[in-house]
Amino acid sequence: MDYSETNRLSRLTAILIQLQTKRIVTASELATKFNISKRTIYRDIKALEQSGVPVLTEEGKGYTLMDGYRIPPVMFTEKQANALILAEQLVLKNNDASFIKDYSEAIDKIKSILKYTVKDKTNLLTDRTQYNQVINQERNSNNLSDLQNALTNYNLVKIEYINKENSISIRLIEPFAILNSENWYLIAFCRLRNEFRFFRPDRIQKMEILTEKFEPHNMTLQEYFDKYH
């Protein structure tokens, strides 16, 4: 499968998620979201229909899925769904763009398995639970998601880091833990200094997740604080 086929398959999956997330989705909305033409959206919708997905067209409104098409593996109560929507608004306060993107996409997937009655209410709650300071807040980092992935997979990370004295250095680090206190902080073993150090993700100028693995640090976060602080 070449890149164009893979790219289209990913888009078809994403379109299906959008159809499951909202009651009605227009071709214009989808074209804008995926930065493609409406003609391409029409072809993608036809491809979904031909593959057996029951996409219905509501004249003058847009596309919708036949209710009950997908039986979700997990059911959420209305209160649980509302709690997730509120949590989404709290996440939007975060200053890391990658974390927000991943969480928002996860929320879209969660919404996609809700019944239409609950879905309508959660979308209403989303519209009625927003804060200007959250929407307009400047994001000062875009690497938290990759750091989380490196931490859980024990990948070495190469960073170009600028400290509070504006001195730049190249570091090889072994991510250990991620903390938040006004700003995000990464605890990692620094091979340059041969000790654990705190790093602020917003001060990472460049970052590369290496394929090389490091030996896991077999201690809890509390054991780390007991030992080093």
# chains A, B, ... in the order shown; residues from 1 in each chain; ligands from 1
>>> residues_around(residues="Gly60 in chain A", least_positions_apart="2", cutoff="12 Å", atoms="only C-alpha atoms", output="count of residues only")
8
>>> residues_around(residues="Leu186 in chain A", least_positions_apart="5", cutoff="12 Å", atoms="only C-alpha atoms", output="ChimeraX atom specification")
/A:143-148,150-151,157,173-181,196-204
>>> write_last_selection(atoms="N, CA, C and O atoms", output="compact mmCIF listing (two decimals), in the first residue's frame")
# COMPACT_ATOMS: atom_id res chain seq x y z
N ASN A 143 5.56 19.17 22.53
CA ASN A 143 6.31 17.92 22.56
C ASN A 143 5.94 16.97 23.69
O ASN A 143 6.55 15.91 23.84
N LEU A 144 4.94 17.34 24.49
CA LEU A 144 4.61 16.52 25.65
C LEU A 144 4.15 15.12 25.23
O LEU A 144 4.52 14.12 25.86
N SER A 145 3.35 15.04 24.17
CA SER A 145 2.84 13.75 23.72
C SER A 145 3.98 12.81 23.33
O SER A 145 3.98 11.63 23.69
N ASP A 146 4.96 13.34 22.59
CA ASP A 146 6.11 12.52 22.18
C ASP A 146 6.96 12.11 23.39
O ASP A 146 7.49 10.99 23.44
N LEU A 147 7.08 12.99 24.36
CA LEU A 147 7.84 12.66 25.57
C LEU A 147 7.15 11.57 26.37
O LEU A 147 7.80 10.68 26.93
N GLN A 148 5.82 11.63 26.43
CA GLN A 148 5.07 10.57 27.11
C GLN A 148 5.33 9.22 26.44
O GLN A 148 5.52 8.20 27.10
N ALA A 150 7.93 8.36 24.60
CA ALA A 150 9.31 7.94 24.83
C ALA A 150 9.46 7.37 26.24
O ALA A 150 10.18 6.38 26.46
N LEU A 151 8.76 7.97 27.21
CA LEU A 151 8.83 7.51 28.59
C LEU A 151 8.30 6.09 28.72
O LEU A 151 8.92 5.24 29.37
N VAL A 157 16.08 10.06 24.22
CA VAL A 157 15.65 11.28 23.55
C VAL A 157 16.84 12.24 23.45
O VAL A 157 17.53 12.48 24.43
N ILE A 173 18.81 12.15 26.98
CA ILE A 173 18.09 11.97 28.24
C ILE A 173 17.25 10.69 28.22
O ILE A 173 16.83 10.21 27.17
N GLU A 174 17.02 10.17 29.43
CA GLU A 174 16.17 9.00 29.63
C GLU A 174 14.94 9.46 30.41
O GLU A 174 15.01 9.65 31.64
N PRO A 175 13.81 9.70 29.75
CA PRO A 175 12.61 10.21 30.44
C PRO A 175 12.17 9.27 31.56
O PRO A 175 12.10 8.05 31.39
N PHE A 176 11.86 9.88 32.70
CA PHE A 176 11.45 9.08 33.87
C PHE A 176 10.05 9.43 34.35
O PHE A 176 9.24 8.56 34.66
N ALA A 177 9.73 10.73 34.44
CA ALA A 177 8.42 11.13 34.96
C ALA A 177 8.07 12.51 34.44
O ALA A 177 8.95 13.30 34.05
N ILE A 178 6.77 12.81 34.43
CA ILE A 178 6.28 14.11 33.98
C ILE A 178 5.40 14.70 35.07
O ILE A 178 4.49 14.03 35.57
N LEU A 179 5.70 15.93 35.46
CA LEU A 179 4.98 16.60 36.54
C LEU A 179 4.41 17.92 36.04
O LEU A 179 4.87 18.47 35.04
N ASN A 180 3.41 18.41 36.75
CA ASN A 180 2.85 19.71 36.40
C ASN A 180 2.68 20.56 37.64
O ASN A 180 2.09 20.13 38.62
N SER A 181 3.24 21.76 37.59
CA SER A 181 3.06 22.76 38.64
C SER A 181 3.22 24.11 37.96
O SER A 181 4.31 24.64 37.85
N PHE A 196 19.99 12.62 37.44
CA PHE A 196 18.62 13.03 37.13
C PHE A 196 18.54 14.56 37.14
O PHE A 196 19.11 15.23 38.01
N ARG A 197 17.80 15.09 36.19
CA ARG A 197 17.60 16.53 36.10
C ARG A 197 16.14 16.83 35.77
O ARG A 197 15.42 16.00 35.22
N PHE A 198 15.72 18.06 36.09
CA PHE A 198 14.41 18.56 35.69
C PHE A 198 14.57 19.34 34.38
O PHE A 198 15.49 20.15 34.26
N PHE A 199 13.67 19.11 33.45
CA PHE A 199 13.66 19.84 32.19
C PHE A 199 12.26 20.40 31.94
O PHE A 199 11.27 19.73 32.23
N ARG A 200 12.20 21.62 31.42
CA ARG A 200 10.92 22.19 31.03
C ARG A 200 10.71 21.96 29.53
O ARG A 200 11.53 22.41 28.72
N PRO A 201 9.63 21.28 29.15
CA PRO A 201 9.39 21.01 27.72
C PRO A 201 9.37 22.27 26.86
O PRO A 201 9.77 22.22 25.69
N ASP A 202 8.92 23.40 27.41
CA ASP A 202 8.86 24.62 26.59
C ASP A 202 10.24 25.20 26.33
O ASP A 202 10.38 26.12 25.51
N ARG A 203 11.28 24.66 26.99
CA ARG A 203 12.65 25.11 26.73
C ARG A 203 13.39 24.17 25.79
O ARG A 203 14.58 24.38 25.51
N ILE A 204 12.72 23.14 25.34
CA ILE A 204 13.33 22.23 24.37
C ILE A 204 13.20 22.86 22.98
O ILE A 204 12.09 23.06 22.48
>>> residues_around(residues="Phe225 in chain A", least_positions_apart="4", cutoff="12 Å", atoms="only C-alpha atoms", output="PyMOL selection string")
chain A and resi 177+187+196+219-221+229
>>> closest_residue(among="A:Glu208, A:Lys22, A:Glu49, A:Ile85", to="Ala106 in chain A", atoms="only C-alpha atoms")
A:Ile85
>>> atom_distance(atom1="CA of Ser104 in chain A", atom2="CA of Glu88 in chain A")
7.2 Å
>>> atom_distance(atom1="CA of Asn153 in chain A", atom2="CA of Lys213 in chain A")
7.9 Å
>>> select_by_dssp(residues="range 149-212 of chain A", states="helix (DSSP H, G or I)", output="CSV table (one decimal) with all heavy atoms, in the first residue's frame")
chain,number,residue,atom,x,y,z
A,149,ASN,N,5.3,9.2,25.1
A,149,ASN,CA,5.5,8.0,24.4
A,149,ASN,C,6.9,7.5,24.6
A,149,ASN,O,7.1,6.3,24.7
A,149,ASN,CB,5.3,8.3,22.9
A,149,ASN,CG,5.2,7.0,22.1
A,149,ASN,OD1,4.3,6.1,22.4
A,149,ASN,ND2,6.0,6.9,21.0
A,150,ALA,N,7.9,8.4,24.6
A,150,ALA,CA,9.3,7.9,24.8
A,150,ALA,C,9.5,7.4,26.2
A,150,ALA,O,10.2,6.4,26.5
A,150,ALA,CB,10.3,9.1,24.6
A,151,LEU,N,8.8,8.0,27.2
A,151,LEU,CA,8.8,7.5,28.6
A,151,LEU,C,8.3,6.1,28.7
A,151,LEU,O,8.9,5.2,29.4
A,151,LEU,CB,8.0,8.5,29.5
A,151,LEU,CG,8.1,8.3,31.0
A,151,LEU,CD1,7.7,9.6,31.7
A,151,LEU,CD2,7.1,7.2,31.5
A,152,THR,N,7.2,5.8,28.1
A,152,THR,CA,6.5,4.5,28.3
A,152,THR,C,7.2,3.4,27.4
A,152,THR,O,7.1,2.2,27.7
A,152,THR,CB,5.0,4.6,27.9
A,152,THR,OG1,4.9,5.1,26.6
A,152,THR,CG2,4.3,5.5,28.9
A,153,ASN,N,7.9,3.8,26.4
A,153,ASN,CA,8.6,2.8,25.5
A,153,ASN,C,10.1,2.8,25.8
A,153,ASN,O,10.8,2.1,25.1
A,153,ASN,CB,8.3,3.2,24.1
A,153,ASN,CG,6.9,2.9,23.7
A,153,ASN,OD1,6.5,1.7,23.5
A,153,ASN,ND2,6.1,3.9,23.5
A,201,PRO,N,9.6,21.3,29.1
A,201,PRO,CA,9.4,21.0,27.7
A,201,PRO,C,9.4,22.3,26.9
A,201,PRO,O,9.8,22.2,25.7
A,201,PRO,CB,8.0,20.3,27.7
A,201,PRO,CG,8.0,19.6,29.1
A,201,PRO,CD,8.7,20.6,30.0
A,202,ASP,N,8.9,23.4,27.4
A,202,ASP,CA,8.9,24.6,26.6
A,202,ASP,C,10.2,25.2,26.3
A,202,ASP,O,10.4,26.1,25.5
A,202,ASP,CB,7.9,25.7,27.3
A,202,ASP,CG,8.4,26.0,28.6
A,202,ASP,OD1,8.7,25.1,29.4
A,202,ASP,OD2,8.5,27.2,28.9
A,203,ARG,N,11.3,24.7,27.0
A,203,ARG,CA,12.6,25.1,26.7
A,203,ARG,C,13.4,24.2,25.8
A,203,ARG,O,14.6,24.4,25.5
A,203,ARG,CB,13.4,25.3,28.0
A,203,ARG,CG,12.9,26.5,28.9
A,203,ARG,CD,13.7,26.6,30.2
A,203,ARG,NE,13.3,27.8,30.9
A,203,ARG,CZ,13.6,28.0,32.2
A,203,ARG,NH1,14.2,27.0,32.9
A,203,ARG,NH2,13.2,29.1,32.8
>>> select_by_dssp(residues="range 30-229 of chain A", states="strand (DSSP E or B)", output="ChimeraX atom specification")
/A:55-58,62-65,96,141,155-162,168-181,183-190,195-199,204-213
>>> residues_around(residues="Ile159 in chain A", least_positions_apart="3", cutoff="6 Å", atoms="only C-alpha atoms", output="ChimeraX atom specification")
/A:170-171,206-207
>>> write_last_selection(atoms="all heavy atoms", output="compact mmCIF listing (two decimals), in the first residue's frame")
# COMPACT_ATOMS: atom_id res chain seq x y z
N ILE A 170 23.31 20.27 24.02
CA ILE A 170 22.72 19.06 23.44
C ILE A 170 22.75 17.97 24.50
O ILE A 170 23.80 17.70 25.09
CB ILE A 170 23.49 18.60 22.18
CG1 ILE A 170 23.57 19.74 21.15
CG2 ILE A 170 22.84 17.36 21.58
CD1 ILE A 170 22.22 20.19 20.64
N ARG A 171 21.61 17.36 24.77
CA ARG A 171 21.53 16.35 25.83
C ARG A 171 20.95 15.04 25.29
O ARG A 171 20.07 15.04 24.43
CB ARG A 171 20.63 16.82 26.97
CG ARG A 171 20.90 18.23 27.49
CD ARG A 171 22.12 18.31 28.37
NE ARG A 171 22.23 19.61 28.99
CZ ARG A 171 21.88 19.88 30.26
NH1 ARG A 171 21.40 18.92 31.02
NH2 ARG A 171 22.03 21.10 30.74
N LYS A 206 14.81 21.70 20.04
CA LYS A 206 14.69 20.63 19.07
C LYS A 206 14.67 19.30 19.83
O LYS A 206 15.28 19.19 20.89
CB LYS A 206 15.86 20.64 18.07
CG LYS A 206 15.93 21.86 17.18
CD LYS A 206 17.13 21.78 16.25
CE LYS A 206 17.25 23.04 15.40
NZ LYS A 206 18.45 22.99 14.52
N MET A 207 13.98 18.33 19.26
CA MET A 207 13.89 17.05 19.94
C MET A 207 13.82 15.91 18.93
O MET A 207 13.16 16.02 17.91
CB MET A 207 12.63 17.02 20.84
CG MET A 207 12.51 15.75 21.68
SD MET A 207 11.13 15.85 22.84
CE MET A 207 9.75 15.59 21.72
>>> residues_around(residues="range 45-47 of chain A", least_positions_apart="3", cutoff="12 Å", atoms="only C-alpha atoms", output="JSON, numbers by chain")
{"A": [8, 9, 11, 12, 13, 14, 15, 16, 18, 19, 25, 26, 27, 30, 31, 38, 39, 40, 41, 42, 50, 51, 52, 53, 54, 55, 56, 57, 62, 63, 64, 65]}
>>> residues_around(residues="Ile107 in chain A", least_positions_apart="3", cutoff="10 Å", atoms="only C-alpha atoms", output="MDAnalysis selection string")
chainID A and resid 21 81 84:85 87:88 101:104 110:112
>>> write_last_selection(atoms="all heavy atoms", output="short mmCIF file (atom, residue, chain, number, x, y, z; two decimals), in the first residue's frame")
data_model
loop_
_atom_site.label_atom_id
_atom_site.label_comp_id
_atom_site.auth_asym_id
_atom_site.auth_seq_id
_atom_site.Cartn_x
_atom_site.Cartn_y
_atom_site.Cartn_z
N THR A 21 -19.44 11.08 15.62
CA THR A 21 -19.35 12.07 16.70
C THR A 21 -20.54 13.02 16.69
O THR A 21 -21.01 13.44 17.75
CB THR A 21 -18.04 12.88 16.55
OG1 THR A 21 -16.94 11.99 16.62
CG2 THR A 21 -17.90 13.92 17.66
N ALA A 81 -20.39 11.01 30.60
CA ALA A 81 -20.06 11.76 29.39
C ALA A 81 -19.87 13.23 29.70
O ALA A 81 -18.94 13.87 29.20
CB ALA A 81 -21.16 11.56 28.34
N LEU A 84 -16.51 13.90 31.24
CA LEU A 84 -15.45 13.90 30.24
C LEU A 84 -15.39 15.23 29.49
O LEU A 84 -14.31 15.73 29.17
CB LEU A 84 -15.65 12.75 29.25
CG LEU A 84 -15.41 11.34 29.80
CD1 LEU A 84 -15.94 10.29 28.84
CD2 LEU A 84 -13.93 11.12 30.07
N ILE A 85 -16.56 15.82 29.21
CA ILE A 85 -16.61 17.10 28.51
C ILE A 85 -16.01 18.20 29.39
O ILE A 85 -15.25 19.06 28.93
CB ILE A 85 -18.05 17.47 28.12
CG1 ILE A 85 -18.61 16.43 27.14
CG2 ILE A 85 -18.11 18.85 27.50
CD1 ILE A 85 -17.77 16.21 25.90
N ALA A 87 -13.79 17.71 31.72
CA ALA A 87 -12.35 17.43 31.76
C ALA A 87 -11.67 17.98 30.50
O ALA A 87 -10.54 18.47 30.56
CB ALA A 87 -12.10 15.94 31.89
N GLU A 88 -12.37 17.91 29.37
CA GLU A 88 -11.81 18.43 28.12
C GLU A 88 -11.54 19.92 28.24
O GLU A 88 -10.51 20.43 27.79
CB GLU A 88 -12.76 18.18 26.96
CG GLU A 88 -12.23 18.68 25.62
CD GLU A 88 -13.22 18.48 24.49
OE1 GLU A 88 -14.43 18.41 24.77
OE2 GLU A 88 -12.79 18.41 23.34
N LYS A 101 -4.17 18.26 21.38
CA LYS A 101 -4.58 17.62 20.14
C LYS A 101 -4.94 16.15 20.39
O LYS A 101 -5.99 15.67 19.96
CB LYS A 101 -3.45 17.71 19.11
CG LYS A 101 -3.74 17.00 17.78
CD LYS A 101 -2.58 17.18 16.82
CE LYS A 101 -2.85 16.47 15.49
NZ LYS A 101 -2.87 15.00 15.66
N ASP A 102 -4.07 15.42 21.10
CA ASP A 102 -4.33 14.00 21.36
C ASP A 102 -5.57 13.81 22.22
O ASP A 102 -6.37 12.90 21.96
CB ASP A 102 -3.11 13.36 22.05
CG ASP A 102 -1.94 13.20 21.09
OD1 ASP A 102 -2.16 13.25 19.87
OD2 ASP A 102 -0.81 13.00 21.56
N TYR A 103 -5.75 14.66 23.23
CA TYR A 103 -6.91 14.52 24.10
C TYR A 103 -8.20 14.83 23.34
O TYR A 103 -9.20 14.12 23.47
CB TYR A 103 -6.80 15.43 25.32
CG TYR A 103 -7.85 15.14 26.38
CD1 TYR A 103 -7.62 14.21 27.38
CD2 TYR A 103 -9.09 15.76 26.34
CE1 TYR A 103 -8.58 13.92 28.31
CE2 TYR A 103 -10.07 15.48 27.27
CZ TYR A 103 -9.81 14.56 28.27
OH TYR A 103 -10.78 14.27 29.18
N SER A 104 -8.17 15.88 22.52
CA SER A 104 -9.35 16.26 21.76
C SER A 104 -9.76 15.17 20.78
O SER A 104 -10.94 14.88 20.60
CB SER A 104 -9.11 17.57 21.01
OG SER A 104 -8.90 18.64 21.91
N ILE A 110 -14.57 9.09 21.77
CA ILE A 110 -15.53 8.75 22.83
C ILE A 110 -16.93 9.21 22.44
O ILE A 110 -17.91 8.47 22.59
CB ILE A 110 -15.10 9.39 24.17
CG1 ILE A 110 -13.86 8.66 24.71
CG2 ILE A 110 -16.23 9.31 25.19
CD1 ILE A 110 -13.21 9.34 25.88
N LYS A 111 -17.03 10.43 21.91
CA LYS A 111 -18.33 10.93 21.48
C LYS A 111 -18.93 10.05 20.38
O LYS A 111 -20.15 9.90 20.29
CB LYS A 111 -18.20 12.36 20.94
CG LYS A 111 -18.04 13.43 22.01
CD LYS A 111 -17.95 14.79 21.34
CE LYS A 111 -17.78 15.92 22.34
NZ LYS A 111 -17.65 17.22 21.66
N SER A 112 -18.06 9.47 19.56
CA SER A 112 -18.55 8.70 18.42
C SER A 112 -19.29 7.44 18.83
O SER A 112 -20.05 6.89 18.04
CB SER A 112 -17.38 8.33 17.50
OG SER A 112 -16.58 7.30 18.04
#
